[in-house]
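For reference, run-v4.txt (compact mmCIF, C-alpha atoms and all ligand atoms):
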```txt
# COMPACT_ATOMS: atom_id res chain seq x y z
CA MET B 1 -4.00 -64.07 -36.80
CA ILE B 2 -4.45 -61.33 -34.20
CA SER B 3 -2.82 -57.90 -34.25
CA VAL B 4 -0.13 -56.67 -31.87
CA ASN B 5 -2.63 -54.45 -30.06
CA GLU B 6 -5.13 -57.27 -29.64
CA ALA B 7 -2.38 -59.57 -28.33
CA LEU B 8 -1.15 -56.93 -25.88
CA LYS B 9 -4.69 -56.37 -24.62
CA ILE B 10 -5.15 -60.11 -23.99
CA VAL B 11 -1.82 -60.32 -22.15
CA LYS B 12 -2.73 -57.33 -19.96
CA GLU B 13 -6.20 -58.67 -19.18
CA ASN B 14 -4.66 -61.95 -18.06
CA THR B 15 -1.74 -60.67 -16.02
CA PHE B 16 -0.88 -62.92 -13.11
CA ILE B 17 -2.40 -61.49 -9.92
CA PRO B 18 0.19 -61.60 -7.14
CA SER B 19 -0.67 -62.49 -3.55
CA ILE B 20 0.05 -59.99 -0.78
CA SER B 21 2.58 -60.64 1.96
CA GLU B 22 3.79 -58.76 5.01
CA VAL B 23 7.57 -58.37 5.30
CA PRO B 24 10.03 -56.50 7.55
CA LEU B 25 10.58 -52.96 6.25
CA LEU B 26 14.01 -53.56 4.68
CA GLU B 27 12.83 -56.64 2.80
CA SER B 28 10.31 -54.44 0.97
CA MET B 29 13.11 -52.65 -0.93
CA GLY B 30 12.51 -52.85 -4.70
CA LYS B 31 9.10 -54.52 -4.24
CA ILE B 32 5.60 -53.21 -5.06
CA LEU B 33 3.81 -51.56 -2.13
CA ALA B 34 0.42 -53.17 -1.44
CA GLU B 35 -1.01 -50.66 1.06
CA ASN B 36 -1.36 -46.89 1.37
CA ILE B 37 1.02 -45.33 3.88
CA VAL B 38 -0.61 -42.60 5.97
CA ALA B 39 1.07 -39.86 8.05
CA ASP B 40 0.58 -40.79 11.72
CA ARG B 41 1.30 -37.15 12.67
CA ASP B 42 2.23 -33.87 11.05
CA PHE B 43 5.46 -33.61 9.01
CA PRO B 44 7.38 -32.04 10.75
CA PRO B 45 5.59 -32.83 14.01
CA PHE B 46 6.54 -29.47 15.62
CA ASP B 47 7.90 -26.07 14.56
CA ARG B 48 11.41 -27.31 13.91
CA VAL B 49 14.55 -25.18 14.18
CA ALA B 50 16.38 -25.49 10.85
CA MET B 51 19.74 -23.84 11.76
CA ASP B 52 22.06 -23.73 14.75
CA GLY B 53 21.88 -20.17 16.19
CA ILE B 54 19.54 -18.05 18.29
CA ALA B 55 15.74 -17.84 18.41
CA ILE B 56 14.15 -14.43 19.04
CA LYS B 57 10.82 -12.67 19.11
CA LYS B 58 11.46 -10.37 16.13
CA SER B 59 11.49 -6.60 16.88
CA ASN B 60 13.91 -3.77 16.10
CA GLN B 61 16.37 -4.98 18.70
CA ILE B 62 19.85 -6.17 17.67
CA ILE B 63 21.44 -7.22 21.01
CA PHE B 64 19.85 -10.01 23.05
CA GLU B 65 20.75 -11.56 26.36
CA ILE B 66 20.93 -15.35 26.01
CA GLU B 67 18.32 -16.67 28.41
CA LYS B 68 18.78 -20.42 27.91
CA THR B 69 19.56 -23.13 25.34
CA GLN B 70 17.09 -25.40 23.54
CA TYR B 71 18.71 -28.62 22.26
CA ALA B 72 17.26 -31.15 19.81
CA GLY B 73 15.43 -33.89 21.68
CA GLU B 74 14.32 -31.65 24.57
CA PRO B 75 10.70 -30.72 25.37
CA GLN B 76 9.72 -27.21 24.32
CA LYS B 77 11.11 -24.39 26.53
CA THR B 78 9.70 -20.86 26.89
CA LEU B 79 11.38 -17.52 26.24
CA GLN B 80 10.47 -15.70 29.47
CA ASN B 81 11.50 -12.19 28.42
CA PRO B 82 10.79 -11.18 24.79
CA LYS B 83 13.86 -8.93 24.84
CA ASN B 84 16.08 -12.01 25.39
CA CYS B 85 16.90 -14.90 23.06
CA VAL B 86 17.35 -18.68 23.27
CA GLU B 87 20.30 -20.50 21.75
CA VAL B 88 18.81 -23.20 19.53
CA MET B 89 20.17 -26.23 17.71
CA THR B 90 19.02 -27.71 14.39
CA GLY B 91 16.24 -30.22 14.98
CA ALA B 92 15.11 -28.62 18.26
CA VAL B 93 11.54 -27.51 18.97
CA LEU B 94 11.18 -23.74 18.47
CA PRO B 95 10.89 -22.28 22.01
CA LEU B 96 7.52 -20.81 22.95
CA GLY B 97 7.53 -17.03 22.52
CA CYS B 98 10.02 -17.06 19.58
CA ASP B 99 9.19 -16.53 15.90
CA THR B 100 12.53 -16.18 14.10
CA VAL B 101 15.87 -18.02 14.06
CA ILE B 102 19.19 -16.33 13.22
CA ARG B 103 22.09 -18.62 12.41
CA TYR B 104 25.37 -18.42 14.35
CA GLU B 105 27.13 -17.11 11.23
CA ASP B 106 25.03 -13.91 11.45
CA VAL B 107 25.52 -13.11 15.15
CA ASP B 108 28.45 -12.35 17.49
CA ILE B 109 28.29 -14.06 20.85
CA GLN B 110 29.79 -11.93 23.62
CA ASP B 111 30.38 -12.65 27.30
CA LYS B 112 30.02 -9.68 29.71
CA GLU B 113 30.73 -10.52 33.33
CA GLY B 114 29.31 -14.01 33.11
CA THR B 115 26.22 -13.03 31.12
CA LYS B 116 26.15 -14.06 27.43
CA TYR B 117 24.78 -11.79 24.71
CA ALA B 118 24.14 -12.30 21.00
CA LYS B 119 24.51 -9.31 18.67
CA ILE B 120 23.15 -9.46 15.12
CA SER B 121 26.11 -8.86 12.77
CA ILE B 122 24.29 -8.50 9.44
CA PRO B 123 22.03 -5.66 8.19
CA PHE B 124 18.75 -5.85 10.05
CA SER B 125 16.82 -5.75 6.77
CA GLU B 126 18.22 -9.16 5.84
CA ILE B 127 16.38 -10.85 8.70
CA LYS B 128 12.96 -12.11 7.77
CA SER B 129 10.32 -12.90 10.32
CA GLY B 130 9.86 -16.70 10.53
CA GLN B 131 13.18 -17.51 8.85
CA ASN B 132 15.04 -20.78 9.51
CA ILE B 133 11.93 -22.42 10.94
CA HIS B 134 10.40 -25.50 9.35
CA PRO B 135 6.74 -25.06 10.40
CA LYS B 136 4.72 -27.92 11.91
CA GLY B 137 2.74 -29.78 9.24
CA SER B 138 4.23 -27.75 6.38
CA ASP B 139 5.37 -30.87 4.46
CA ARG B 140 2.41 -33.19 5.16
CA LYS B 141 -0.56 -33.19 7.57
CA GLN B 142 -1.53 -36.04 9.89
CA GLY B 143 -3.82 -38.41 7.95
CA ASP B 144 -2.40 -37.47 4.53
CA ILE B 145 -1.57 -40.39 2.23
CA LEU B 146 2.21 -40.29 1.93
CA LEU B 147 2.63 -43.29 -0.39
CA GLN B 148 0.06 -44.83 -2.71
CA LYS B 149 -0.18 -48.58 -3.05
CA GLY B 150 1.20 -49.91 -6.33
CA LEU B 151 4.41 -47.91 -6.35
CA LYS B 152 7.86 -49.46 -6.47
CA ILE B 153 9.72 -49.07 -3.18
CA SER B 154 13.03 -47.18 -3.32
CA PRO B 155 15.17 -45.83 -0.44
CA ALA B 156 13.02 -42.64 -0.41
CA GLU B 157 9.90 -44.71 0.29
CA ILE B 158 11.79 -46.73 2.93
CA ALA B 159 12.62 -43.42 4.70
CA VAL B 160 8.98 -42.29 4.64
CA MET B 161 7.79 -45.62 6.03
CA ALA B 162 10.47 -45.59 8.74
CA SER B 163 9.39 -42.06 9.73
CA VAL B 164 5.81 -43.21 10.36
CA GLY B 165 6.96 -46.28 12.29
CA LYS B 166 6.13 -48.98 9.71
CA ASP B 167 8.44 -51.80 10.72
CA ARG B 168 6.43 -54.29 8.66
CA VAL B 169 4.87 -53.54 5.31
CA LEU B 170 2.47 -55.17 2.86
CA ILE B 171 3.97 -55.92 -0.54
CA GLU B 172 2.95 -57.80 -3.66
CA THR B 173 4.68 -61.17 -3.44
CA PRO B 174 7.08 -61.32 -6.42
CA PRO B 175 5.96 -63.98 -8.90
CA ARG B 176 7.92 -67.25 -9.10
CA VAL B 177 9.18 -67.25 -12.67
CA ALA B 178 10.61 -70.16 -14.67
CA VAL B 179 12.67 -69.53 -17.81
CA ILE B 180 12.72 -72.62 -20.01
CA SER B 181 14.77 -73.10 -23.16
CA THR B 182 13.52 -75.87 -25.41
CA GLY B 183 15.50 -77.46 -28.22
CA ASP B 184 17.67 -80.50 -28.99
CA GLU B 185 20.39 -78.28 -30.42
CA LEU B 186 20.92 -76.33 -27.19
CA VAL B 187 23.70 -76.91 -24.68
CA GLU B 188 24.65 -75.28 -21.39
CA ILE B 189 26.88 -72.23 -21.70
CA THR B 190 29.71 -74.03 -19.90
CA THR B 191 29.73 -76.76 -22.57
CA ASN B 192 31.94 -76.70 -25.64
CA PRO B 193 29.28 -77.01 -28.37
CA LYS B 194 29.64 -79.51 -31.18
CA PRO B 195 29.56 -77.91 -34.65
CA TYR B 196 25.76 -78.45 -34.90
CA GLN B 197 24.95 -77.27 -31.38
CA ILE B 198 24.51 -73.80 -29.88
CA ARG B 199 24.66 -72.42 -26.36
CA MET B 200 21.29 -71.48 -24.86
CA SER B 201 21.74 -67.73 -24.71
CA ASN B 202 17.99 -67.01 -24.52
CA SER B 203 17.67 -68.29 -20.97
CA TYR B 204 20.39 -65.93 -19.82
CA MET B 205 19.00 -63.00 -21.79
CA LEU B 206 15.56 -63.46 -20.21
CA ALA B 207 16.92 -64.12 -16.72
CA GLY B 208 19.10 -61.01 -17.04
CA ALA B 209 16.13 -58.90 -18.12
CA LEU B 210 14.08 -60.28 -15.22
CA ALA B 211 16.87 -59.54 -12.75
CA GLN B 212 16.70 -55.91 -13.89
CA ILE B 213 13.11 -55.72 -12.68
CA GLY B 214 13.89 -57.49 -9.41
CA ILE B 215 12.77 -61.02 -10.35
CA LYS B 216 15.05 -63.99 -9.76
CA ALA B 217 14.11 -66.72 -12.21
CA ASN B 218 14.75 -70.47 -12.17
CA LEU B 219 16.36 -71.74 -15.39
CA TYR B 220 15.56 -75.00 -17.20
CA HIS B 221 16.51 -76.71 -20.44
CA LEU B 222 14.15 -79.24 -22.01
CA THR B 223 14.80 -81.23 -25.17
CA ASP B 224 12.20 -81.65 -27.93
CA ASP B 225 10.74 -84.84 -26.48
CA LYS B 226 6.97 -85.00 -25.94
CA GLU B 227 7.00 -87.15 -22.83
CA LEU B 228 9.82 -85.23 -21.21
CA LEU B 229 8.17 -81.90 -22.05
CA PHE B 230 4.88 -83.05 -20.54
CA ASN B 231 6.39 -84.37 -17.32
CA LYS B 232 8.82 -81.53 -16.73
CA LEU B 233 6.42 -78.74 -17.64
CA GLN B 234 3.81 -80.27 -15.33
CA GLU B 235 6.32 -80.16 -12.49
CA ILE B 236 7.50 -76.63 -13.34
CA LEU B 237 3.91 -75.38 -13.51
CA LEU B 238 3.29 -76.65 -9.99
CA ASN B 239 6.13 -74.58 -8.53
CA HIS B 240 5.89 -71.35 -10.51
CA ASP B 241 3.44 -68.55 -11.28
CA ILE B 242 4.78 -67.45 -14.66
CA LEU B 243 6.52 -69.57 -17.32
CA LEU B 244 8.65 -68.00 -20.04
CA LEU B 245 9.50 -70.61 -22.66
CA SER B 246 11.59 -70.10 -25.74
CA GLY B 247 11.53 -72.28 -28.83
CA GLY B 248 9.26 -75.03 -30.09
CA VAL B 249 6.22 -72.91 -31.01
CA SER B 250 6.67 -72.59 -34.80
CA ALA B 251 5.76 -74.94 -37.62
CA GLY B 252 8.71 -77.35 -37.26
CA LYS B 253 8.21 -81.12 -36.93
CA LYS B 254 9.54 -80.98 -33.38
CA ASP B 255 7.74 -77.82 -32.25
CA PHE B 256 5.67 -79.60 -29.60
CA VAL B 257 5.21 -76.82 -27.05
CA PRO B 258 1.63 -75.67 -27.92
CA GLU B 259 0.35 -79.25 -28.01
CA ILE B 260 1.97 -80.16 -24.69
CA LEU B 261 0.73 -77.00 -22.96
CA ASN B 262 -2.76 -77.79 -24.21
CA ASN B 263 -2.46 -81.36 -22.84
CA LEU B 264 -1.42 -79.89 -19.49
CA GLY B 265 -4.60 -77.79 -19.33
CA VAL B 266 -2.99 -74.46 -20.11
CA LYS B 267 -5.64 -72.67 -22.17
CA LYS B 268 -4.40 -71.05 -25.36
CA LEU B 269 -5.39 -67.37 -25.45
CA PHE B 270 -3.63 -66.78 -28.75
CA HIS B 271 -1.07 -68.37 -31.05
CA LYS B 272 0.59 -66.25 -33.75
CA VAL B 273 0.61 -62.48 -33.81
CA ALA B 274 0.76 -60.33 -36.97
CA GLN B 275 4.26 -59.09 -36.28
CA LYS B 276 7.85 -59.50 -37.35
CA PRO B 277 9.86 -60.77 -35.58
CA GLY B 278 8.04 -63.05 -33.13
CA LYS B 279 5.07 -64.15 -35.24
CA PRO B 280 4.73 -67.65 -33.67
CA PHE B 281 4.30 -66.24 -30.11
CA TRP B 282 1.88 -68.42 -28.05
CA PHE B 283 0.22 -67.17 -24.86
CA GLY B 284 -1.99 -69.03 -22.41
CA LYS B 285 -3.25 -69.35 -18.88
CA SER B 286 -3.77 -72.28 -16.54
CA GLU B 287 -6.89 -72.86 -14.45
CA GLU B 288 -5.01 -71.60 -11.40
CA GLY B 289 -4.35 -68.28 -13.18
CA LYS B 290 -0.71 -69.01 -14.02
CA THR B 291 0.43 -67.41 -17.26
CA VAL B 292 2.59 -69.04 -19.91
CA PHE B 293 4.53 -67.01 -22.47
CA ALA B 294 5.79 -69.47 -25.10
CA LEU B 295 8.12 -67.34 -27.20
CA PRO B 296 9.70 -68.21 -30.54
CA GLY B 297 13.31 -69.36 -30.14
CA ASN B 298 15.09 -66.96 -32.45
CA PRO B 299 16.87 -64.66 -29.99
CA VAL B 300 15.66 -61.32 -31.39
CA SER B 301 12.08 -62.69 -31.56
CA THR B 302 12.32 -63.97 -27.99
CA PHE B 303 13.64 -60.66 -26.73
CA LEU B 304 11.20 -58.48 -28.68
CA CYS B 305 8.23 -60.50 -27.41
CA PHE B 306 9.55 -60.30 -23.85
CA CYS B 307 10.07 -56.52 -24.05
CA LYS B 308 6.76 -55.78 -25.77
CA TYR B 309 4.47 -58.13 -23.83
CA PHE B 310 6.14 -58.75 -20.47
CA LEU B 311 8.32 -55.77 -19.52
CA PRO B 312 6.40 -52.78 -18.19
CA GLN B 313 6.75 -50.15 -20.96
CA LYS B 314 6.36 -46.40 -20.69
CA GLU B 315 4.76 -44.83 -23.74
CA GLU B 316 7.50 -43.32 -25.84
CA GLN B 317 7.73 -41.90 -29.35
CA VAL B 318 10.90 -41.65 -31.43
CA ILE B 319 11.60 -40.06 -34.80
CA LEU B 320 13.09 -42.28 -37.51
CA ASP B 321 16.26 -40.83 -39.02
CA LYS B 322 16.15 -43.16 -42.04
CA THR B 323 13.30 -44.25 -44.31
CA ILE B 324 12.28 -47.92 -44.06
CA PHE B 325 10.24 -50.00 -46.50
CA PHE B 326 8.38 -53.07 -45.25
CA LYS B 327 5.71 -54.72 -47.39
CA PRO B 328 4.12 -57.58 -45.41
CA ASP B 329 0.88 -56.94 -43.55
CA LEU B 330 2.64 -57.25 -40.19
CA THR B 331 3.74 -54.86 -37.47
CA TYR B 332 7.48 -54.52 -37.97
CA PHE B 333 9.69 -54.11 -34.91
CA VAL B 334 13.08 -52.74 -35.96
CA PRO B 335 16.03 -52.71 -33.52
CA ALA B 336 17.23 -49.12 -33.17
CA LYS B 337 19.67 -46.87 -31.38
CA THR B 338 18.21 -43.68 -29.91
CA TYR B 339 19.80 -40.27 -29.39
CA PHE B 340 18.71 -36.72 -28.55
CA GLN B 341 18.77 -34.03 -31.22
CA ASP B 342 17.23 -30.55 -30.92
CA GLY B 343 15.21 -31.69 -27.91
CA GLN B 344 13.75 -34.69 -29.71
CA MET B 345 14.39 -38.42 -29.38
CA MET B 346 15.68 -39.78 -32.67
CA ALA B 347 16.16 -43.42 -33.70
CA THR B 348 18.63 -44.99 -36.11
CA PRO B 349 17.23 -48.35 -37.28
CA PHE B 350 19.50 -51.42 -37.54
CA GLU B 351 17.70 -53.86 -39.79
CA GLY B 352 20.56 -56.38 -39.56
CA SER B 353 20.07 -59.89 -40.79
CA GLY B 354 16.81 -60.75 -39.07
CA SER B 355 15.50 -62.40 -35.99
CA ALA B 356 18.57 -64.55 -35.30
CA ASP B 357 20.92 -61.56 -35.38
CA PHE B 358 21.06 -60.82 -31.70
CA ALA B 359 24.62 -59.48 -31.73
CA ASN B 360 22.99 -56.42 -33.35
CA LEU B 361 21.06 -55.74 -30.14
CA THR B 362 24.21 -54.70 -28.30
CA ASP B 363 24.23 -51.56 -30.48
CA CYS B 364 20.54 -50.84 -29.86
CA ASP B 365 18.30 -49.45 -27.11
CA GLY B 366 14.98 -50.93 -28.21
CA PHE B 367 12.64 -51.51 -31.15
CA VAL B 368 10.77 -49.00 -33.30
CA GLU B 369 7.20 -50.24 -33.79
CA LEU B 370 6.15 -49.73 -37.41
CA PRO B 371 2.41 -50.35 -37.88
CA ALA B 372 1.06 -53.06 -40.17
CA ASP B 373 -1.14 -50.74 -42.24
CA SER B 374 1.72 -48.97 -44.02
CA GLN B 375 4.62 -49.97 -46.26
CA GLU B 376 6.81 -46.92 -46.22
CA PHE B 377 8.02 -45.37 -42.97
CA LYS B 378 9.58 -42.03 -43.73
CA SER B 379 12.55 -40.44 -42.09
CA GLY B 380 11.34 -37.58 -39.84
CA ILE B 381 8.08 -39.29 -38.78
CA SER B 382 7.56 -40.44 -35.17
CA PHE B 383 6.64 -43.95 -34.08
CA GLU B 384 6.20 -45.87 -30.84
CA PHE B 385 9.31 -47.26 -29.21
CA VAL B 386 9.73 -50.45 -27.16
CA ARG B 387 12.72 -49.72 -24.95
CA PHE B 388 15.05 -52.21 -23.27
CA ARG B 389 17.97 -49.90 -22.45
CA GLY B 390 18.39 -46.50 -20.81
P1 LIG C 1 12.62 -72.64 -32.59
O1 LIG C 1 11.72 -71.50 -32.20
O2 LIG C 1 12.67 -73.71 -31.55
O3 LIG C 1 12.27 -73.14 -33.94
O4 LIG C 1 14.07 -72.03 -32.67
C1 LIG C 1 14.38 -71.05 -33.63
C2 LIG C 1 15.84 -70.74 -33.63
O5 LIG C 1 16.19 -70.16 -32.38
C3 LIG C 1 16.74 -71.93 -33.81
O6 LIG C 1 17.83 -71.55 -34.65
C4 LIG C 1 17.22 -72.21 -32.41
O7 LIG C 1 18.44 -72.87 -32.40
C5 LIG C 1 17.28 -70.85 -31.81
N1 LIG C 1 17.08 -70.96 -30.36
C6 LIG C 1 16.06 -71.58 -29.76
N2 LIG C 1 16.18 -71.53 -28.42
C7 LIG C 1 17.31 -70.83 -28.17
C8 LIG C 1 18.00 -70.44 -26.98
N3 LIG C 1 17.53 -70.76 -25.77
N4 LIG C 1 19.12 -69.72 -27.10
C9 LIG C 1 19.59 -69.39 -28.32
N5 LIG C 1 19.00 -69.73 -29.47
C10 LIG C 1 17.87 -70.46 -29.41
MG MG C 2 13.40 -75.54 -31.36
```
Would you put the structure from the file into structure tokens?
Amino acid sequence: MISVNEALKIVKENTFIPSISEVPLLESMGKILAENIVADRDFPPFDRVAMDGIAIKKSNQIIFEIEKTQYAGEPQKTLQNPKNCVEVMTGAVLPLGCDTVIRYEDVDIQDKEGTKYAKISIPFSEIKSGQNIHPKGSDRKQGDILLQKGLKISPAEIAVMASVGKDRVLIETPPRVAVISTGDELVEITTNPKPYQIRMSNSYMLAGALAQIGIKANLYHLTDDKELLFNKLQEILLNHDILLLSGGVSAGKKDFVPEILNNLGVKKLFHKVAQKPGKPFWFGKSEEGKTVFALPGNPVSTFLCFCKYFLPQKEEQVILDKTIFFKPDLTYFVPAKTYFQDGQMMATPFEGSGSADFANLTDCDGFVELPADSQEFKSGISFEFVRFRG
């Protein structure tokens, strides 16, 4: 049986490689950028006026005749006489011959016989040369990489791409994912279950978790019937890139999933991981590079395996606030609630009643990962955390 780290390494090495597609800018929202975005000109592209007011050539003068007005969207004008000023609007090009902008709030505009003057109304020492000007190229230079490929596109990235005129953008095509619940005991959630049946909550849990990362999954239910499993899984494999199955991978008499996947040419990369919960986890890959995660059916096992091996995880450490004993030679994933205390992330473990106790998860934010090589995990010691909330 392989360790959690070995299993994770195999999963990462065999991640499905998405194709690249070109989409209209707005359709790229939430997707992964597949090209670098380069500044087509300086940011800002000219010395930009940052306040409505007057532009001057700074000297000791405090009264200026208003020579002209420079609006946003006009070509650059020139201050003819350095003793005069230009009225300027936010977003305008700084007029040639000016080096400082004083906002309207700090000047009095006076009209004397048809000629307009601006008089500085604040102490002269408060005016700094170059103030209220956003200099050309001060944010980014032409040719700079503004966005690196591989990042997730948010409205901020959309704005940057719009500003460089990208109306179409290359993205990683989101994978087509199938979520498949297997089991004779399972019924649709709209059905009133018989006493010996249960509703297939796993499909909804996985589809919900996928929706959170921008993937819309197709849902299926297959009963524990070899022929049906073979035919349906063959069809599903044709139309999807990633399969997430739950159930049918343990040692039960009707746990046919590994055998059927093998018959369909999906190569087993591992079956069984030294962990609790989720030990019977099976992972494989088809010849076309499609990946199959066949997860144990117990809801906490299903969810832990999904979070640990499928969800992108940031490295995070938490400090246990309660000592835990766990004897078996397995990595133990304990559901836990996290909270901040004295600047540190703490975790209260909820051992609950095992891998079927998924109601417990509603009180938790993730799983503390307790390594296989120890039996006592002391309060106050930090461990890795697999987060699904917050
Ligand atoms: P299995 O892995 O097929 O042996 O299933 C283990 C346990 O998980 C059984 O009690 C199943 O009823 C339960 N289970 C399997 N699939 C689901 C599902 N989709 N939703 C909720 N429980 C499930
Ligand atoms: Mg089953």
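If all atoms listed in the file are the atoms counted, then among B:Tyr196, B:Tyr332, B:Phe230, B:Phe256 the closest residue to ligand MG 2 (chain C) is B:Phe256.
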### Task
Find the residues around region 160-166 of chain B up to 8 Å (only C-alpha atoms counted), leave out those fewer than 6 positions away in its own chain, and share them as JSON, numbers by chain.
{"B": [25, 37, 38, 39, 40, 41, 146]}
If you keep C-alpha atoms, can you produce a file of those selected residues as a short mmCIF file (atom, residue, chain, number, x, y, z; two decimals), keeping the file's coordinate frame?
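Now in result.cif:
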```cif
data_model
loop_
_atom_site.label_atom_id
_atom_site.label_comp_id
_atom_site.auth_asym_id
_atom_site.auth_seq_id
_atom_site.Cartn_x
_atom_site.Cartn_y
_atom_site.Cartn_z
CA LEU B 25 10.58 -52.96 6.25
CA ILE B 37 1.02 -45.33 3.88
CA VAL B 38 -0.61 -42.60 5.97
CA ALA B 39 1.07 -39.86 8.05
CA ASP B 40 0.58 -40.79 11.72
CA ARG B 41 1.30 -37.15 12.67
CA LEU B 146 2.21 -40.29 1.93
#
```
### Message
Around ligand MG 2 (chain C), out to 7 Å and counting only C-alpha atoms and all ligand atoms, which residues are there? I want them as number ranges by chain.
### Response
B: 182-184, 247-248, 254-255, 297
### Within 10 Å of ligand LIG 1 (chain C), counting all atoms listed in the file, residues as a ChimeraX atom specification
/B:179-189,196-206,220-222,224,245-257,278,280-281,294-302,355-356,358
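Close contacts of Glu87 (chain B), defined as residues with an atom at most 9 Å away when counting only C-alpha atoms, with chain neighbours fewer than 3 positions off set aside, comprise Asp52, Gly53, Ile54, Ala55, Ile66, Glu67, Lys68, Thr69, Gln70 and Tyr71 of chain B.
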### Message
List the spatial neighbours of Lys378 (chain B) as a PyMOL selection string - criterion: any atom at most 10 Å away, all atoms listed in the file, same-chain residues fewer than 6 positions off excluded.
### Response
chain B and resi 319-325
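For the pair CA of Glu287 (chain B) and CA of Asp225 (chain B), the separation is 24.5 Å.
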Residues within 9 Å of (4.6, -49.5, -9.4), file coords, only C-alpha atoms, listed as a compact mmCIF listing (two decimals) with C-alpha atoms, in the frame of the given file:
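File produced: point-v9.txt:
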```
# COMPACT_ATOMS: atom_id res chain seq x y z
CA LYS B 31 9.10 -54.52 -4.24
CA ILE B 32 5.60 -53.21 -5.06
CA LEU B 33 3.81 -51.56 -2.13
CA LYS B 149 -0.18 -48.58 -3.05
CA GLY B 150 1.20 -49.91 -6.33
CA LEU B 151 4.41 -47.91 -6.35
CA LYS B 152 7.86 -49.46 -6.47
CA ILE B 153 9.72 -49.07 -3.18
```
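Reported to one decimal place, the separation of CA of Ser138 (chain B) from CA of Leu26 (chain B) is 27.7 Å.
Minimum atom-to-atom distances from B:Pro193, B:Pro174, B:Glu74, B:Pro95 to Ala211 (chain B) were compared using all atoms listed in the file, and the lowest value belongs to B:Pro174.
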### Query
Got a sec: who's within 6 Å of Arg140 (chain B), counting only C-alpha atoms, leaving out chain neighbours fewer than 2 positions off, as a VMD selection string?
chain B and resid 42 to 43 137 to 138
Same residues, C-alpha atoms, saved as a tab-separated table (two decimals), in the frame of the given file:
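Output file out-v7.tsv is given in full below:
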```
chain	number	residue	atom	x	y	z
B	42	ASP	CA	2.23	-33.87	11.05
B	43	PHE	CA	5.46	-33.61	9.01
B	137	GLY	CA	2.74	-29.78	9.24
B	138	SER	CA	4.23	-27.75	6.38
```
### Task
Could you tell me which of B:Phe377, B:Phe385, B:Tyr309, B:Phe293 comes closest to Pro335 (chain B) if we count only C-alpha atoms?
B:Phe385
If we draw a sphere of 12 Å around (17.3, -27.2, 17.0), which residues have at least one atom in it when counting only C-alpha atoms? Please report them as a PDB file with C-alpha atoms, in the coordinates of the input.
```pdb
ATOM      1  CA  PHE B  46       6.540 -29.470  15.620  1.00  0.00           C
ATOM      2  CA  ASP B  47       7.900 -26.070  14.560  1.00  0.00           C
ATOM      3  CA  ARG B  48      11.410 -27.310  13.910  1.00  0.00           C
ATOM      4  CA  VAL B  49      14.550 -25.180  14.180  1.00  0.00           C
ATOM      5  CA  ALA B  50      16.380 -25.490  10.850  1.00  0.00           C
ATOM      6  CA  MET B  51      19.740 -23.840  11.760  1.00  0.00           C
ATOM      7  CA  ASP B  52      22.060 -23.730  14.750  1.00  0.00           C
ATOM      8  CA  GLY B  53      21.880 -20.170  16.190  1.00  0.00           C
ATOM      9  CA  ILE B  54      19.540 -18.050  18.290  1.00  0.00           C
ATOM     10  CA  ALA B  55      15.740 -17.840  18.410  1.00  0.00           C
ATOM     11  CA  THR B  69      19.560 -23.130  25.340  1.00  0.00           C
ATOM     12  CA  GLN B  70      17.090 -25.400  23.540  1.00  0.00           C
ATOM     13  CA  TYR B  71      18.710 -28.620  22.260  1.00  0.00           C
ATOM     14  CA  ALA B  72      17.260 -31.150  19.810  1.00  0.00           C
ATOM     15  CA  GLY B  73      15.430 -33.890  21.680  1.00  0.00           C
ATOM     16  CA  GLU B  74      14.320 -31.650  24.570  1.00  0.00           C
ATOM     17  CA  PRO B  75      10.700 -30.720  25.370  1.00  0.00           C
ATOM     18  CA  GLN B  76       9.720 -27.210  24.320  1.00  0.00           C
ATOM     19  CA  LYS B  77      11.110 -24.390  26.530  1.00  0.00           C
ATOM     20  CA  VAL B  86      17.350 -18.680  23.270  1.00  0.00           C
ATOM     21  CA  GLU B  87      20.300 -20.500  21.750  1.00  0.00           C
ATOM     22  CA  VAL B  88      18.810 -23.200  19.530  1.00  0.00           C
ATOM     23  CA  MET B  89      20.170 -26.230  17.710  1.00  0.00           C
ATOM     24  CA  THR B  90      19.020 -27.710  14.390  1.00  0.00           C
ATOM     25  CA  GLY B  91      16.240 -30.220  14.980  1.00  0.00           C
ATOM     26  CA  ALA B  92      15.110 -28.620  18.260  1.00  0.00           C
ATOM     27  CA  VAL B  93      11.540 -27.510  18.970  1.00  0.00           C
ATOM     28  CA  LEU B  94      11.180 -23.740  18.470  1.00  0.00           C
ATOM     29  CA  PRO B  95      10.890 -22.280  22.010  1.00  0.00           C
ATOM     30  CA  VAL B 101      15.870 -18.020  14.060  1.00  0.00           C
ATOM     31  CA  ILE B 102      19.190 -16.330  13.220  1.00  0.00           C
ATOM     32  CA  ARG B 103      22.090 -18.620  12.410  1.00  0.00           C
ATOM     33  CA  ASN B 132      15.040 -20.780   9.510  1.00  0.00           C
ATOM     34  CA  ILE B 133      11.930 -22.420  10.940  1.00  0.00           C
ATOM     35  CA  HIS B 134      10.400 -25.500   9.350  1.00  0.00           C
TER      36      HIS B 134
END
```
#### Entry: Atom-to-atom span, CA of Gly343 (chain B) and CA of Gln317 (chain B), Å
12.7 Å
### Message
So that I can check the surroundings of Pro349 (chain B), please list as a PyMOL selection string every protein, DNA and RNA residue that reaches within 7 Å of it, counting all atoms listed in the file and ignoring chain neighbours fewer than 5 positions away.
### Response
chain B and resi 334-337
For the residues in that selection, give me C-alpha atoms as a JSON list (two decimals), in the coordinates of the input.
```json
[["chain", "number", "residue", "atom", "x", "y", "z"],
["B", 334, "VAL", "CA", 13.08, -52.74, -35.96],
["B", 335, "PRO", "CA", 16.03, -52.71, -33.52],
["B", 336, "ALA", "CA", 17.23, -49.12, -33.17],
["B", 337, "LYS", "CA", 19.67, -46.87, -31.38]]
```
